[in-house]
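A.B. asks: Sharing upload.cif here; it has mmCIF, C-alpha atoms.
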data_start
loop_
_atom_site.label_atom_id
_atom_site.label_comp_id
_atom_site.auth_asym_id
_atom_site.auth_seq_id
_atom_site.Cartn_x
_atom_site.Cartn_y
_atom_site.Cartn_z
CA MET A 139 -17.94 -25.41 4.06
CA SER A 140 -15.02 -23.07 3.51
CA THR A 141 -12.64 -23.62 0.65
CA HIS A 142 -9.36 -21.95 -0.10
CA PRO A 143 -9.97 -19.42 -2.88
CA ARG A 144 -8.30 -20.49 -6.08
CA THR A 145 -6.06 -17.78 -7.41
CA ARG A 146 -5.74 -16.54 -10.98
CA ALA A 147 -2.24 -18.09 -11.07
CA ASP A 148 -3.73 -21.50 -10.20
CA LEU A 149 -6.11 -21.18 -13.15
CA GLY A 150 -3.24 -20.30 -15.50
CA ARG A 151 -1.21 -23.30 -14.31
CA ASP A 152 -4.23 -25.58 -14.77
CA LEU A 153 -4.62 -24.24 -18.35
CA ALA A 154 -0.92 -24.84 -19.10
CA ALA A 155 -1.22 -28.40 -17.78
CA GLY A 156 -4.32 -28.95 -19.94
CA LEU A 157 -2.48 -27.78 -23.07
CA LEU A 158 0.45 -30.11 -22.26
CA LEU A 159 -1.97 -33.03 -21.97
CA LEU A 160 -3.58 -32.11 -25.30
CA ALA A 161 -0.12 -32.11 -26.93
CA ALA A 162 -0.10 -35.95 -26.81
CA PRO A 163 -3.07 -36.55 -29.19
CA VAL A 164 -1.80 -33.66 -31.38
CA VAL A 165 1.55 -35.49 -31.76
CA VAL A 166 -0.27 -38.66 -32.90
CA VAL A 167 -2.44 -36.81 -35.43
CA THR A 168 0.55 -34.81 -36.75
CA ALA A 169 2.73 -37.90 -37.11
CA ARG A 170 -0.03 -39.67 -39.04
CA ALA A 171 -0.60 -36.66 -41.33
CA ARG A 172 3.09 -35.95 -42.04
CA LEU A 173 4.50 -39.49 -42.21
CA GLY A 174 1.49 -41.72 -42.90
CA ASP A 175 2.03 -41.94 -46.67
CA ARG A 176 5.81 -42.47 -46.42
CA VAL A 177 5.73 -45.63 -44.28
CA PRO A 178 5.02 -49.23 -45.31
CA ASP A 179 1.58 -50.67 -44.51
CA PRO A 180 1.56 -52.84 -42.36
CA VAL A 181 3.96 -50.79 -40.25
CA ALA A 182 6.64 -52.28 -37.97
CA THR A 183 5.34 -52.18 -34.38
CA HIS A 184 7.45 -54.69 -32.50
CA TRP A 185 11.20 -54.81 -32.15
CA SER A 186 13.70 -57.49 -31.21
CA GLY A 187 16.45 -56.78 -28.71
CA GLY A 188 18.81 -55.66 -31.44
CA GLY A 189 16.42 -52.99 -32.74
CA THR A 190 15.23 -54.85 -35.86
CA ALA A 191 11.50 -55.20 -36.49
CA ASP A 192 9.94 -58.61 -35.72
CA GLY A 193 6.24 -57.70 -35.71
CA SER A 194 3.90 -55.47 -37.70
CA THR A 195 0.37 -54.05 -37.60
CA ALA A 196 -1.85 -52.54 -40.28
CA LEU A 197 -1.40 -48.75 -40.15
CA GLN A 198 -5.06 -47.72 -39.86
CA PRO A 199 -6.09 -49.92 -36.87
CA TYR A 200 -2.74 -49.14 -35.19
CA THR A 201 -3.32 -45.38 -35.54
CA VAL A 202 -6.93 -45.60 -34.32
CA GLY A 203 -5.98 -47.80 -31.35
CA VAL A 204 -3.16 -45.49 -30.26
CA LEU A 205 -5.31 -42.39 -30.74
CA VAL A 206 -8.13 -43.83 -28.60
CA ALA A 207 -5.71 -44.85 -25.82
CA VAL A 208 -3.95 -41.45 -25.89
CA ALA A 209 -7.32 -39.66 -25.84
CA VAL A 210 -8.47 -41.71 -22.84
CA ALA A 211 -5.25 -40.98 -20.91
CA ALA A 212 -5.42 -37.27 -21.75
CA ALA A 213 -9.11 -37.19 -20.82
CA VAL A 214 -8.34 -38.77 -17.44
CA GLY A 215 -5.73 -36.06 -16.85
CA LEU A 216 -8.07 -33.26 -17.96
CA GLY A 217 -10.91 -34.72 -15.90
CA THR A 218 -8.65 -34.77 -12.83
CA LEU A 219 -7.75 -31.10 -13.44
CA VAL A 220 -11.40 -30.10 -13.70
CA ALA A 221 -13.10 -32.35 -11.16
CA LEU A 222 -10.62 -32.86 -8.33
CA ARG A 223 -9.73 -29.33 -7.33
CA ARG A 224 -9.30 -30.08 -3.64
CA ARG A 225 -7.71 -33.52 -3.75
CA PRO A 226 -4.13 -33.43 -2.38
CA GLY A 227 -2.79 -35.98 -4.86
CA ARG A 228 -4.15 -34.33 -8.02
CA ALA A 229 -0.73 -33.22 -9.39
CA GLY A 230 0.53 -36.81 -9.17
CA ALA A 231 -2.59 -38.19 -10.87
CA VAL A 232 -2.33 -35.66 -13.73
CA ALA A 233 1.41 -36.39 -14.09
CA VAL A 234 0.80 -40.15 -14.38
CA ALA A 235 -1.97 -39.59 -16.96
CA GLY A 236 0.38 -37.29 -18.89
CA TRP A 237 3.20 -39.83 -18.75
CA VAL A 238 0.93 -42.58 -20.10
CA ALA A 239 -0.42 -40.33 -22.90
CA GLY A 240 3.11 -39.14 -23.71
CA LEU A 241 4.55 -42.66 -23.77
CA LEU A 242 1.86 -43.86 -26.20
CA ALA A 243 2.19 -40.79 -28.42
CA THR A 244 6.02 -40.77 -28.59
CA THR A 245 6.08 -44.53 -29.23
CA TYR A 246 3.72 -44.00 -32.17
CA ALA A 247 5.71 -41.06 -33.53
CA ALA A 248 9.01 -42.93 -33.10
CA THR A 249 7.56 -45.98 -34.91
CA LEU A 250 6.56 -43.88 -37.91
CA LEU A 251 9.84 -41.94 -37.89
CA ALA A 252 11.88 -45.19 -37.91
CA SER A 253 9.77 -46.62 -40.74
CA ARG A 254 9.99 -43.48 -42.87
CA GLY A 255 11.05 -44.34 -46.42
CA ALA A 256 11.21 -48.10 -45.85
CA ALA A 257 9.54 -50.40 -48.38
CA ARG A 258 8.66 -53.26 -46.03
CA ALA A 259 8.15 -53.52 -42.26
CA GLU A 260 10.90 -56.16 -42.01
CA ASP A 261 13.52 -53.71 -43.31
CA VAL A 262 12.99 -51.24 -40.47
CA ALA A 263 15.48 -50.85 -37.61
CA LEU A 264 14.86 -48.73 -34.52
CA PRO A 265 17.78 -46.36 -33.91
CA TRP A 266 18.97 -46.01 -30.30
CA TRP A 267 18.27 -42.27 -30.12
CA LEU A 268 14.59 -42.89 -30.80
CA VAL A 269 14.49 -45.43 -27.95
CA VAL A 270 16.04 -42.81 -25.64
CA ALA A 271 13.51 -40.24 -26.82
CA VAL A 272 10.61 -42.63 -26.17
CA VAL A 273 11.84 -43.24 -22.60
CA VAL A 274 12.89 -39.69 -21.72
CA LEU A 275 10.26 -37.42 -23.34
CA PRO A 276 7.21 -38.89 -21.51
CA LEU A 277 9.14 -38.73 -18.21
CA VAL A 278 9.93 -35.06 -18.87
CA LEU A 279 6.26 -34.41 -19.65
CA GLY A 280 5.21 -36.12 -16.41
CA ALA A 281 7.80 -34.18 -14.39
CA VAL A 282 6.75 -30.85 -15.92
CA LEU A 283 3.09 -31.63 -15.13
CA LEU A 284 4.05 -32.51 -11.55
CA VAL A 285 5.56 -29.04 -11.17
CA VAL A 286 2.96 -27.09 -13.16
CA VAL A 287 -0.24 -28.54 -11.67
CA PRO A 288 -1.15 -26.61 -8.52
CA PRO A 289 -1.64 -28.85 -5.49
CA GLY A 290 -5.16 -29.53 -4.24
CA ARG A 291 -6.42 -26.93 -1.83
CA VAL A 292 -7.03 -29.07 1.22
CA GLU A 293 -9.44 -27.78 3.81
CA ARG A 294 -7.15 -27.06 6.72
CA PRO A 295 -8.19 -28.24 10.16
CA SER A 296 -7.34 -24.73 11.42
CA ALA A 297 -10.62 -23.63 9.86
CA ALA A 298 -12.45 -25.84 12.38
CA THR A 299 -14.74 -24.45 15.03
CA PRO A 300 -12.97 -23.35 18.21
CA PRO A 301 -12.73 -26.04 20.87
CA PRO A 302 -15.50 -26.30 23.43
CA THR A 303 -14.13 -25.24 26.81
CA ASP A 304 -17.12 -25.69 29.09
CA LEU A 305 -15.86 -28.93 30.62
CA VAL A 306 -13.67 -28.60 33.71
CA LEU A 307 -12.25 -31.59 35.55
CA VAL A 308 -11.77 -31.27 39.28
CA GLN A 309 -8.79 -32.84 40.98
CA GLY A 310 -9.11 -36.61 41.33
CA GLU A 311 -12.14 -36.84 39.05
CA ARG A 312 -11.93 -39.50 36.37
CA ALA A 313 -13.63 -38.96 33.05
CA THR A 314 -13.89 -40.87 29.80
CA TRP A 315 -15.70 -40.21 26.57
CA VAL A 316 -16.75 -43.21 24.52
CA GLY A 317 -18.25 -42.89 21.07
CA GLY A 318 -17.58 -43.50 17.42
CA ALA A 319 -19.06 -43.41 13.96
CA GLY A 320 -20.28 -45.91 11.40
CA SER A 321 -21.42 -46.10 7.82
CA ARG A 322 -24.31 -48.36 6.86
CA PRO A 323 -23.71 -47.93 3.09
CA LEU A 324 -20.16 -49.22 3.54
CA LEU A 325 -21.48 -52.21 5.51
CA GLY A 326 -23.98 -52.81 2.70
CA VAL A 327 -21.18 -52.85 0.12
CA ALA A 328 -19.26 -55.28 2.34
CA ALA A 329 -22.32 -57.56 2.48
CA VAL A 330 -22.78 -57.50 -1.30
CA VAL A 331 -19.09 -58.27 -1.91
CA GLY A 332 -19.21 -61.02 0.71
CA VAL A 333 -22.24 -62.66 -0.91
CA ALA A 334 -20.66 -62.33 -4.36
CA ALA A 335 -17.49 -64.02 -3.05
CA VAL A 336 -19.26 -67.40 -2.81
CA PRO A 337 -20.12 -67.90 -6.53
CA LEU A 338 -16.80 -66.27 -7.48
CA ALA A 339 -14.92 -68.82 -5.37
CA LEU A 340 -16.73 -71.64 -7.19
CA VAL A 341 -15.73 -70.23 -10.60
CA GLN A 342 -12.23 -69.06 -9.72
CA LEU A 343 -10.94 -69.72 -6.20
CA PRO A 344 -8.32 -66.91 -5.90
CA LEU A 345 -10.85 -64.33 -7.10
CA GLY A 346 -13.42 -65.55 -4.57
CA LEU A 347 -10.88 -65.49 -1.73
CA GLY A 348 -9.87 -61.97 -2.76
CA ALA A 349 -13.51 -60.84 -2.70
CA GLY A 350 -13.98 -62.45 0.70
CA LEU A 351 -10.92 -60.64 2.02
CA LEU A 352 -12.18 -57.35 0.59
CA ALA A 353 -15.53 -57.91 2.31
CA LEU A 354 -13.74 -58.46 5.65
CA VAL A 355 -11.67 -55.29 5.20
CA LEU A 356 -14.77 -53.25 4.28
CA CYS A 357 -16.57 -54.69 7.29
CA ALA A 358 -13.65 -53.71 9.51
CA VAL A 359 -13.53 -50.10 8.31
CA HIS A 360 -17.30 -49.51 8.31
CA ARG A 361 -17.25 -48.59 11.99
CA ILE A 362 -14.75 -46.99 14.35
CA SER A 363 -15.02 -46.56 18.08
CA VAL A 364 -13.23 -43.74 19.84
CA ARG A 365 -12.32 -43.48 23.51
CA VAL A 366 -10.89 -40.44 25.28
CA ASP A 367 -9.31 -41.13 28.66
CA PRO A 368 -6.41 -39.80 30.79
CA THR A 369 -3.87 -41.62 28.59
CA GLY A 370 -5.05 -40.06 25.32
CA VAL A 371 -7.31 -40.97 22.44
CA THR A 372 -7.78 -44.57 21.28
CA VAL A 373 -9.34 -45.47 17.94
CA GLY A 374 -10.53 -49.05 17.38
CA TRP A 375 -11.58 -50.40 13.98
CA GLY A 376 -14.59 -52.59 13.33
CA LEU A 377 -16.94 -54.38 15.68
CA VAL A 378 -14.11 -56.02 17.65
CA ARG A 379 -12.31 -52.65 18.02
CA TRP A 380 -9.11 -54.08 16.61
CA PRO A 381 -6.68 -53.01 15.18
CA ARG A 382 -6.31 -50.08 17.53
CA GLN A 383 -4.47 -46.80 17.26
CA HIS A 384 -3.49 -44.74 20.26
CA PHE A 385 -2.65 -41.06 20.34
CA GLU A 386 -0.85 -40.21 23.61
CA LEU A 387 -2.19 -37.21 25.52
CA ALA A 388 1.41 -36.00 25.93
CA GLY A 389 1.72 -35.64 22.16
CA LEU A 390 -1.45 -33.60 21.75
CA GLU A 391 -1.83 -29.83 21.63
CA GLY A 392 -5.58 -29.58 21.39
CA ALA A 393 -8.77 -30.96 19.91
CA GLU A 394 -11.33 -29.39 17.63
CA VAL A 395 -14.60 -30.25 15.99
CA THR A 396 -14.82 -30.25 12.21
CA GLU A 397 -16.80 -31.49 9.23
CA ILE A 398 -14.84 -34.25 7.52
CA ASP A 399 -15.04 -34.37 3.74
CA PRO A 400 -13.47 -37.70 2.65
CA ALA A 401 -12.26 -36.04 -0.60
CA ALA A 402 -10.23 -33.50 1.38
CA TRP A 403 -8.59 -36.16 3.56
CA GLY A 404 -7.73 -38.67 0.84
CA GLY A 405 -10.75 -40.97 1.00
CA TRP A 406 -12.22 -43.56 3.34
CA GLY A 407 -10.44 -45.78 5.86
CA TYR A 408 -7.08 -44.91 7.41
CA ARG A 409 -5.49 -42.21 5.24
CA VAL A 410 -2.01 -40.76 5.31
CA THR A 411 -1.67 -37.48 3.40
CA ALA A 412 0.85 -34.66 3.51
CA SER A 413 -1.61 -32.46 5.40
CA GLY A 414 -2.69 -34.99 8.00
CA ARG A 415 -3.75 -38.47 9.03
CA ALA A 416 -7.40 -39.42 8.96
CA CYS A 417 -9.65 -42.23 10.17
CA VAL A 418 -12.70 -41.75 7.97
CA VAL A 419 -15.82 -43.92 7.72
CA ARG A 420 -18.25 -41.32 6.37
CA ARG A 421 -18.78 -37.70 5.43
CA GLY A 422 -19.80 -35.65 8.44
CA PRO A 423 -18.74 -34.45 11.87
CA GLY A 424 -15.38 -35.45 13.24
CA LEU A 425 -12.71 -34.81 15.81
CA VAL A 426 -9.41 -33.19 14.85
CA LEU A 427 -6.41 -33.75 17.12
CA ARG A 428 -3.61 -31.23 16.79
CA ARG A 429 -0.32 -32.93 17.58
CA ARG A 430 2.97 -31.54 18.83
CA GLY A 431 5.32 -31.26 15.84
CA GLN A 432 3.26 -33.70 13.75
CA VAL A 433 0.48 -33.51 11.20
CA PRO A 434 -3.04 -33.39 12.65
CA VAL A 435 -5.33 -36.42 12.86
CA ALA A 436 -8.98 -36.31 11.82
CA ILE A 437 -11.36 -39.01 13.11
CA SER A 438 -14.99 -39.57 12.11
CA VAL A 439 -17.03 -39.23 15.30
CA ASP A 440 -20.73 -38.67 15.92
CA ASP A 441 -21.34 -35.71 18.28
CA PRO A 442 -17.61 -34.93 18.62
CA GLN A 443 -18.14 -31.90 20.91
CA GLY A 444 -17.92 -34.02 24.07
CA ALA A 445 -14.77 -35.79 22.90
CA ALA A 446 -13.02 -32.53 21.97
CA ALA A 447 -14.07 -30.93 25.26
CA LEU A 448 -12.67 -33.83 27.30
CA VAL A 449 -9.33 -33.87 25.42
CA ASN A 450 -8.96 -30.15 26.04
CA ALA A 451 -10.01 -30.52 29.68
CA TYR A 452 -7.34 -33.20 30.24
CA LEU A 453 -4.75 -31.04 28.49
CA HIS A 454 -5.76 -28.10 30.67
CA ARG A 455 -5.49 -30.17 33.87
CA ARG A 456 -2.08 -31.44 32.76
CA ALA A 457 -0.86 -27.91 32.17
CA VAL A 458 -2.16 -26.81 35.60
CA ASP A 459 -0.69 -29.85 37.41
CA ALA A 460 2.74 -29.63 35.79
CA PRO A 461 3.54 -26.09 34.73
CA MET A 462 6.45 -26.02 32.34
CA MET B 112 -21.01 -40.12 25.62
CA LEU B 113 -19.16 -38.63 28.58
CA PHE B 114 -18.76 -40.48 31.87
CA THR B 115 -17.16 -38.94 34.94
CA VAL B 116 -16.67 -40.58 38.32
CA ASP B 117 -15.20 -39.28 41.54
CA PRO B 118 -13.58 -42.14 43.47
CA SER B 119 -13.54 -40.03 46.67
CA SER B 120 -17.33 -39.61 46.64
CA THR B 121 -19.52 -41.46 49.12
CA VAL B 122 -21.72 -42.54 46.21
CA GLY B 123 -20.73 -45.92 44.78
CA LEU B 124 -18.97 -46.03 41.40
CA ALA B 125 -21.77 -48.07 39.79
CA ASP B 126 -24.37 -45.59 41.06
CA GLN B 127 -22.30 -42.74 39.63
CA VAL B 128 -22.12 -44.41 36.21
CA ALA B 129 -25.86 -45.16 36.23
CA GLY B 130 -26.50 -41.55 37.28
CA GLN B 131 -24.70 -40.23 34.21
CA VAL B 132 -26.91 -42.31 31.92
CA ARG B 133 -30.06 -41.10 33.71
CA ALA B 134 -28.92 -37.49 33.40
CA SER B 135 -28.18 -37.96 29.68
CA LEU B 136 -31.64 -39.46 29.16
CA ALA B 137 -33.30 -36.58 30.98
CA ALA B 138 -31.31 -34.00 29.02
CA GLY B 139 -32.19 -35.66 25.70
CA ARG B 140 -28.55 -36.47 24.89
CA LEU B 141 -29.66 -40.11 24.78
CA ALA B 142 -32.82 -40.98 22.87
CA PRO B 143 -34.89 -44.20 22.69
CA GLY B 144 -33.08 -46.74 20.51
CA ASP B 145 -29.62 -45.25 21.15
CA ARG B 146 -26.85 -47.64 22.03
CA LEU B 147 -24.85 -47.16 25.20
CA PRO B 148 -21.06 -47.44 24.98
CA ALA B 149 -19.62 -50.92 25.49
CA ALA B 150 -19.10 -51.60 29.21
CA ARG B 151 -15.51 -52.67 28.62
CA GLU B 152 -14.64 -49.36 26.92
CA VAL B 153 -16.24 -47.30 29.70
CA ALA B 154 -14.48 -49.36 32.39
CA THR B 155 -11.08 -49.08 30.68
CA GLY B 156 -11.52 -45.35 30.17
CA LEU B 157 -12.44 -44.76 33.82
CA GLY B 158 -9.90 -47.23 35.18
CA ILE B 159 -12.60 -49.21 37.00
CA ASN B 160 -13.76 -52.82 36.88
CA MET B 161 -15.95 -53.80 33.94
CA HIS B 162 -18.37 -55.54 36.31
CA THR B 163 -18.96 -52.20 38.05
CA VAL B 164 -20.17 -50.74 34.73
CA LEU B 165 -22.24 -53.88 34.05
CA ARG B 166 -23.81 -53.51 37.52
CA ALA B 167 -24.76 -49.93 36.61
CA TYR B 168 -26.27 -51.10 33.31
CA ALA B 169 -28.18 -53.88 35.13
CA ALA B 170 -29.63 -51.31 37.53
CA LEU B 171 -30.78 -49.18 34.59
CA ARG B 172 -32.39 -52.24 33.03
CA ASP B 173 -34.22 -52.99 36.27
CA GLU B 174 -35.55 -49.42 36.24
CA GLY B 175 -36.96 -50.05 32.75
CA LEU B 176 -34.67 -47.51 31.07
CA ILE B 177 -32.50 -49.76 28.91
CA GLU B 178 -32.44 -53.23 27.45
CA LEU B 179 -29.46 -55.56 27.77
CA ARG B 180 -29.09 -58.11 25.01
CA ARG B 181 -26.29 -60.60 24.77
CA GLY B 182 -23.99 -59.68 21.93
CA ARG B 183 -25.84 -56.46 21.14
CA GLY B 184 -24.91 -54.47 24.19
CA ALA B 185 -27.04 -51.96 26.03
CA VAL B 186 -29.73 -50.05 24.15
CA VAL B 187 -32.10 -47.37 25.43
CA ARG B 188 -35.58 -48.92 25.34
CA ALA B 189 -37.42 -47.93 22.18
CA ASP B 190 -40.71 -47.66 24.12
CA LEU B 191 -39.16 -45.43 26.78
CA ASP B 192 -41.58 -42.57 27.41
CA ASP B 193 -40.72 -39.08 28.46
CA LEU B 194 -42.27 -39.48 31.93
CA THR B 195 -40.11 -42.48 32.83
CA ALA B 196 -36.97 -40.66 31.71
CA ARG B 197 -37.90 -37.57 33.69
CA LEU B 198 -38.73 -39.61 36.78
CA ALA B 199 -35.32 -41.24 36.45
CA ALA B 200 -33.74 -37.80 36.24
CA LEU B 201 -35.66 -36.70 39.35
CA ARG B 202 -34.46 -39.79 41.21
CA GLU B 203 -30.97 -38.89 40.09
CA ARG B 204 -31.25 -35.42 41.61
CA VAL B 205 -32.64 -36.86 44.84
CA GLY B 206 -29.58 -39.07 44.99
CA ALA B 207 -27.29 -36.08 44.48
CA LEU B 208 -29.18 -34.19 47.19
CA LEU B 209 -28.78 -37.06 49.66
CA ALA B 210 -25.08 -37.35 48.84
CA GLU B 211 -24.60 -33.64 49.46
CA ALA B 212 -26.46 -33.89 52.75
CA ALA B 213 -24.35 -36.89 53.77
CA ALA B 214 -21.23 -34.83 53.09
CA LEU B 215 -22.58 -32.31 55.62
CA GLY B 216 -23.20 -35.11 58.09
CA LEU B 217 -26.98 -35.06 57.63
CA GLY B 218 -29.07 -38.20 57.19
CA PRO B 219 -32.05 -38.80 54.84
CA ASP B 220 -34.51 -38.00 57.65
CA HIS B 221 -33.08 -34.51 57.91
CA VAL B 222 -33.40 -34.06 54.15
CA ILE B 223 -37.05 -35.16 54.30
CA GLU B 224 -37.60 -32.64 57.08
CA GLU B 225 -36.02 -29.94 54.90
CA ILE B 226 -38.25 -30.86 51.97
CA ARG B 227 -41.40 -30.83 54.16
CA SER B 228 -40.61 -27.37 55.51
CA PHE B 229 -39.57 -26.03 52.09
CA PRO B 230 -41.75 -23.02 51.19
CA SER B 231 -43.57 -24.12 48.07
#
Will you turn the file into structure tokens for me?
C.D. replies:
Amino acid sequence: MSTHPRTRADLGRDLAAGLLLLAAPVVVVTARARLGDRVPDPVATHWSGGGTADGSTALQPYTVGVLVAVAVAAAVGLGTLVALRRRPGRAGAVAVAGWVAGLLATTYAATLLASRGAARAEDVALPWWLVVAVVVLPLVLGAVLLVVVPPGRVERPSAATPPPTDLVLVQGERATWVGGAGSRPLLGVAAVVGVAAVPLALVQLPLGLGAGLLALVLCAVHRISVRVDPTGVTVGWGLVRWPRQHFELAGLEGAEVTEIDPAAWGGWGYRVTASGRACVVRRGPGLVLRRRGQVPVAISVDDPQGAAALVNAYLHRRAVDAPM
Amino acid sequence: MLFTVDPSSTVGLADQVAGQVRASLAAGRLAPGDRLPAAREVATGLGINMHTVLRAYAALRDEGLIELRRGRGAVVRADLDDLTARLAALRERVGALLAEAAALGLGPDHVIEEIRSFPS
């Protein structure tokens, strides 16, 4: 499996993003150390519309709770940086984690700043500029992370094996390729969820109905069938082959065989990512359709060589029949 | 799997479809226990009647190559042995030979004569 080599610059940007994420817990610890003994205990933690305090929490549990939440958010961001190197959406995930960590940390710091020097929690008022800071600073942190974090290096379909060209269609000959792919583990999960839906429905009806619906969806995406014919490529979901998706032959440029890694295409099911669409039911061989002026489509297919060969044969016959 | 038919051939469409399955079995592209594509999908893809494909599948069942079960589709028989598959492939090639002879205006008797006089 070929991966895009990560450059030294990527590593530096990942490090910068990691330091930005770590800034959030540092802010909490610093605020506690510098301001902790100058604020009332319990400290004002809830504000009425006018900015006056109407709720308070003991300082120690408040600090510990915020620190744990900030640490979890920062850890999620750091974990994303380390673990998901090839996931297209990683910058967005890190940015959201950073925004959450930043929002918690700035709220804590603003709370302590507003309470500084006050004798009782009830005397504290939240100035408007602190409210602005609490809203704006985390958004800035998230935006900076969005820019700094390098995008996931997606395995490009262009790295796929060259298309098989051994199939030639003679004039008047009709050909179709019918196949597909399925995932038994996914069907197993659907069965478990479906069985669990019954007791859930007895306890809490909406939850049970939701689980039943999830089981149906999982059952539908556990198998896809693929048909190649003179009109193009048709993908049908589930055992009843519905819903269907059709990719017109006229819109195709070629077909290739590839190994589909769900992580590189955004997961299982029907995925829409910046680098392509994908119909994925499992890790393994698949068919990649290159489309005219559009992102490519990857489809999980067992033994996709025949499908790719037939698409290319039809495209070849089209080009011969109607030279441009 | 791949199916091709030539509507201008003297061989019937159902025989052509059945022939493709026999050839796949002989070449090992289809193994015992494998499921054949749904008849409706094959028919739609080839632009032919679904009952033509079902007739081909019924012929394969009668030859002992596949099993047809309601609701489960067509499955290559799990107890299918190599000899049966290879005999089916041989029959397939005899059919192709006869079709080619017919295209030259020669009947089966002439083909038999050719086979008898073939230097072995």
A.B. asks: Please, which residues in chain A fall within 7 Å of chain B when counting only C-alpha atoms, and what is the closest atom pair and distance in Å to one decimal for each, ordered by chain then residue number, as a Markdown table?
C.D. replies:
| residue | atom | partner | partner_atom | distance |
| --- | --- | --- | --- | --- |
| A:Gly310 | CA | B:Asp117 | CA | 6.7 |
| A:Glu311 | CA | B:Asp117 | CA | 4.6 |
| A:Arg312 | CA | B:Val116 | CA | 5.2 |
| A:Ala313 | CA | B:Thr115 | CA | 4.0 |
| A:Thr314 | CA | B:Gly156 | CA | 5.1 |
| A:Trp315 | CA | B:Leu113 | CA | 4.3 |
| A:Val316 | CA | B:Met112 | CA | 5.4 |
| A:Gly317 | CA | B:Met112 | CA | 6.0 |
| A:Arg365 | CA | B:Gly156 | CA | 7.0 |
| A:Val366 | CA | B:Gly156 | CA | 7.0 |
| A:Asp367 | CA | B:Gly156 | CA | 5.0 |
| A:Gly444 | CA | B:Leu113 | CA | 6.6 |
A.B. asks: Arg379 in chain A: which residues within 12 Å, counting all atoms listed in the file, same-chain residues fewer than 6 positions away excluded, as a list in words?
C.D. replies: Gly317, Gly318, Cys357, Ala358, Val359, His360, Arg361, Ile362, Ser363, Val364, Arg365, Thr372 and Val373 of chain A; Ala149, Arg151 and Glu152 of chain B
A.B. asks: Give as a list of chain:residue names each residue that has an atom at most 12 Å from (-33.2, -37.6, 25.1) in the file, counting all atoms listed in the file.
C.D. replies: B:Val132, B:Arg133, B:Ala134, B:Ser135, B:Leu136, B:Ala137, B:Ala138, B:Gly139, B:Arg140, B:Leu141, B:Ala142, B:Pro143, B:Gly144, B:Asp145, B:Leu176, B:Val187, B:Arg188, B:Ala189, B:Leu191, B:Asp192, B:Asp193, B:Leu194, B:Thr195, B:Ala196, B:Arg197, B:Ala200
A.B. asks: Please produce a file of those selected residues containing C-alpha atoms, as an mmCIF file, keeping the file's coordinate frame.
C.D. replies:
data_model
loop_
_atom_site.group_PDB
_atom_site.id
_atom_site.type_symbol
_atom_site.label_atom_id
_atom_site.label_comp_id
_atom_site.auth_asym_id
_atom_site.auth_seq_id
_atom_site.Cartn_x
_atom_site.Cartn_y
_atom_site.Cartn_z
ATOM 1 C CA VAL B 132 -26.910 -42.310 31.920
ATOM 2 C CA ARG B 133 -30.060 -41.100 33.710
ATOM 3 C CA ALA B 134 -28.920 -37.490 33.400
ATOM 4 C CA SER B 135 -28.180 -37.960 29.680
ATOM 5 C CA LEU B 136 -31.640 -39.460 29.160
ATOM 6 C CA ALA B 137 -33.300 -36.580 30.980
ATOM 7 C CA ALA B 138 -31.310 -34.000 29.020
ATOM 8 C CA GLY B 139 -32.190 -35.660 25.700
ATOM 9 C CA ARG B 140 -28.550 -36.470 24.890
ATOM 10 C CA LEU B 141 -29.660 -40.110 24.780
ATOM 11 C CA ALA B 142 -32.820 -40.980 22.870
ATOM 12 C CA PRO B 143 -34.890 -44.200 22.690
ATOM 13 C CA GLY B 144 -33.080 -46.740 20.510
ATOM 14 C CA ASP B 145 -29.620 -45.250 21.150
ATOM 15 C CA LEU B 176 -34.670 -47.510 31.070
ATOM 16 C CA VAL B 187 -32.100 -47.370 25.430
ATOM 17 C CA ARG B 188 -35.580 -48.920 25.340
ATOM 18 C CA ALA B 189 -37.420 -47.930 22.180
ATOM 19 C CA LEU B 191 -39.160 -45.430 26.780
ATOM 20 C CA ASP B 192 -41.580 -42.570 27.410
ATOM 21 C CA ASP B 193 -40.720 -39.080 28.460
ATOM 22 C CA LEU B 194 -42.270 -39.480 31.930
ATOM 23 C CA THR B 195 -40.110 -42.480 32.830
ATOM 24 C CA ALA B 196 -36.970 -40.660 31.710
ATOM 25 C CA ARG B 197 -37.900 -37.570 33.690
ATOM 26 C CA ALA B 200 -33.740 -37.800 36.240
#
A.B. asks: For the file shown, what are the residues hit by the PyMOL selection byres ((chain A and resi 421) around 10), laid out as a PyMOL selection string?
C.D. replies: chain A and resi 321+397-401+405-406+418-420+422-424+438
A.B. asks: Skip Tyr168 in chain B itself and residues of its chain fewer than 6 positions away, then list as a PyMOL selection string all residues within 8 Å of it, counting all atoms listed in the file.
C.D. replies: chain B and resi 129+177+179+185
A.B. asks: Got a sec to resolve the PyMOL selection byres ((chain A and resi 174) around 10) on this structure and send the residues as a VMD selection string?
C.D. replies: chain A and resid 167 to 173 175 to 179 181 197 to 198 201 250 to 251 253 to 254
A.B. asks: Got a sec: who's within 12 Å of range 160-164 of chain A, counting only C-alpha atoms, leaving out chain neighbours fewer than 5 positions off, as a PyMOL selection string?
C.D. replies: chain A and resi 153-155+169-172+201-216+235-247+275-276+279-280
A.B. asks: Please report the interatomic distance between CA of Glu174 in chain B and CA of Ala207 in chain B in Å with one decimal.
C.D. replies: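 Between CA of Glu174 in chain B and CA of Ala207 in chain B the gap works out to 17.7 Å.
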A.B. asks: Name the residues that the PyMOL selection byres ((chain A and resi 283) around 9) picks from the file above, as a PyMOL selection string, using the file's chain letters and numbers.
C.D. replies: chain A and resi 154-155+158-159+229-230+232-234+236-237+278-282+284-287
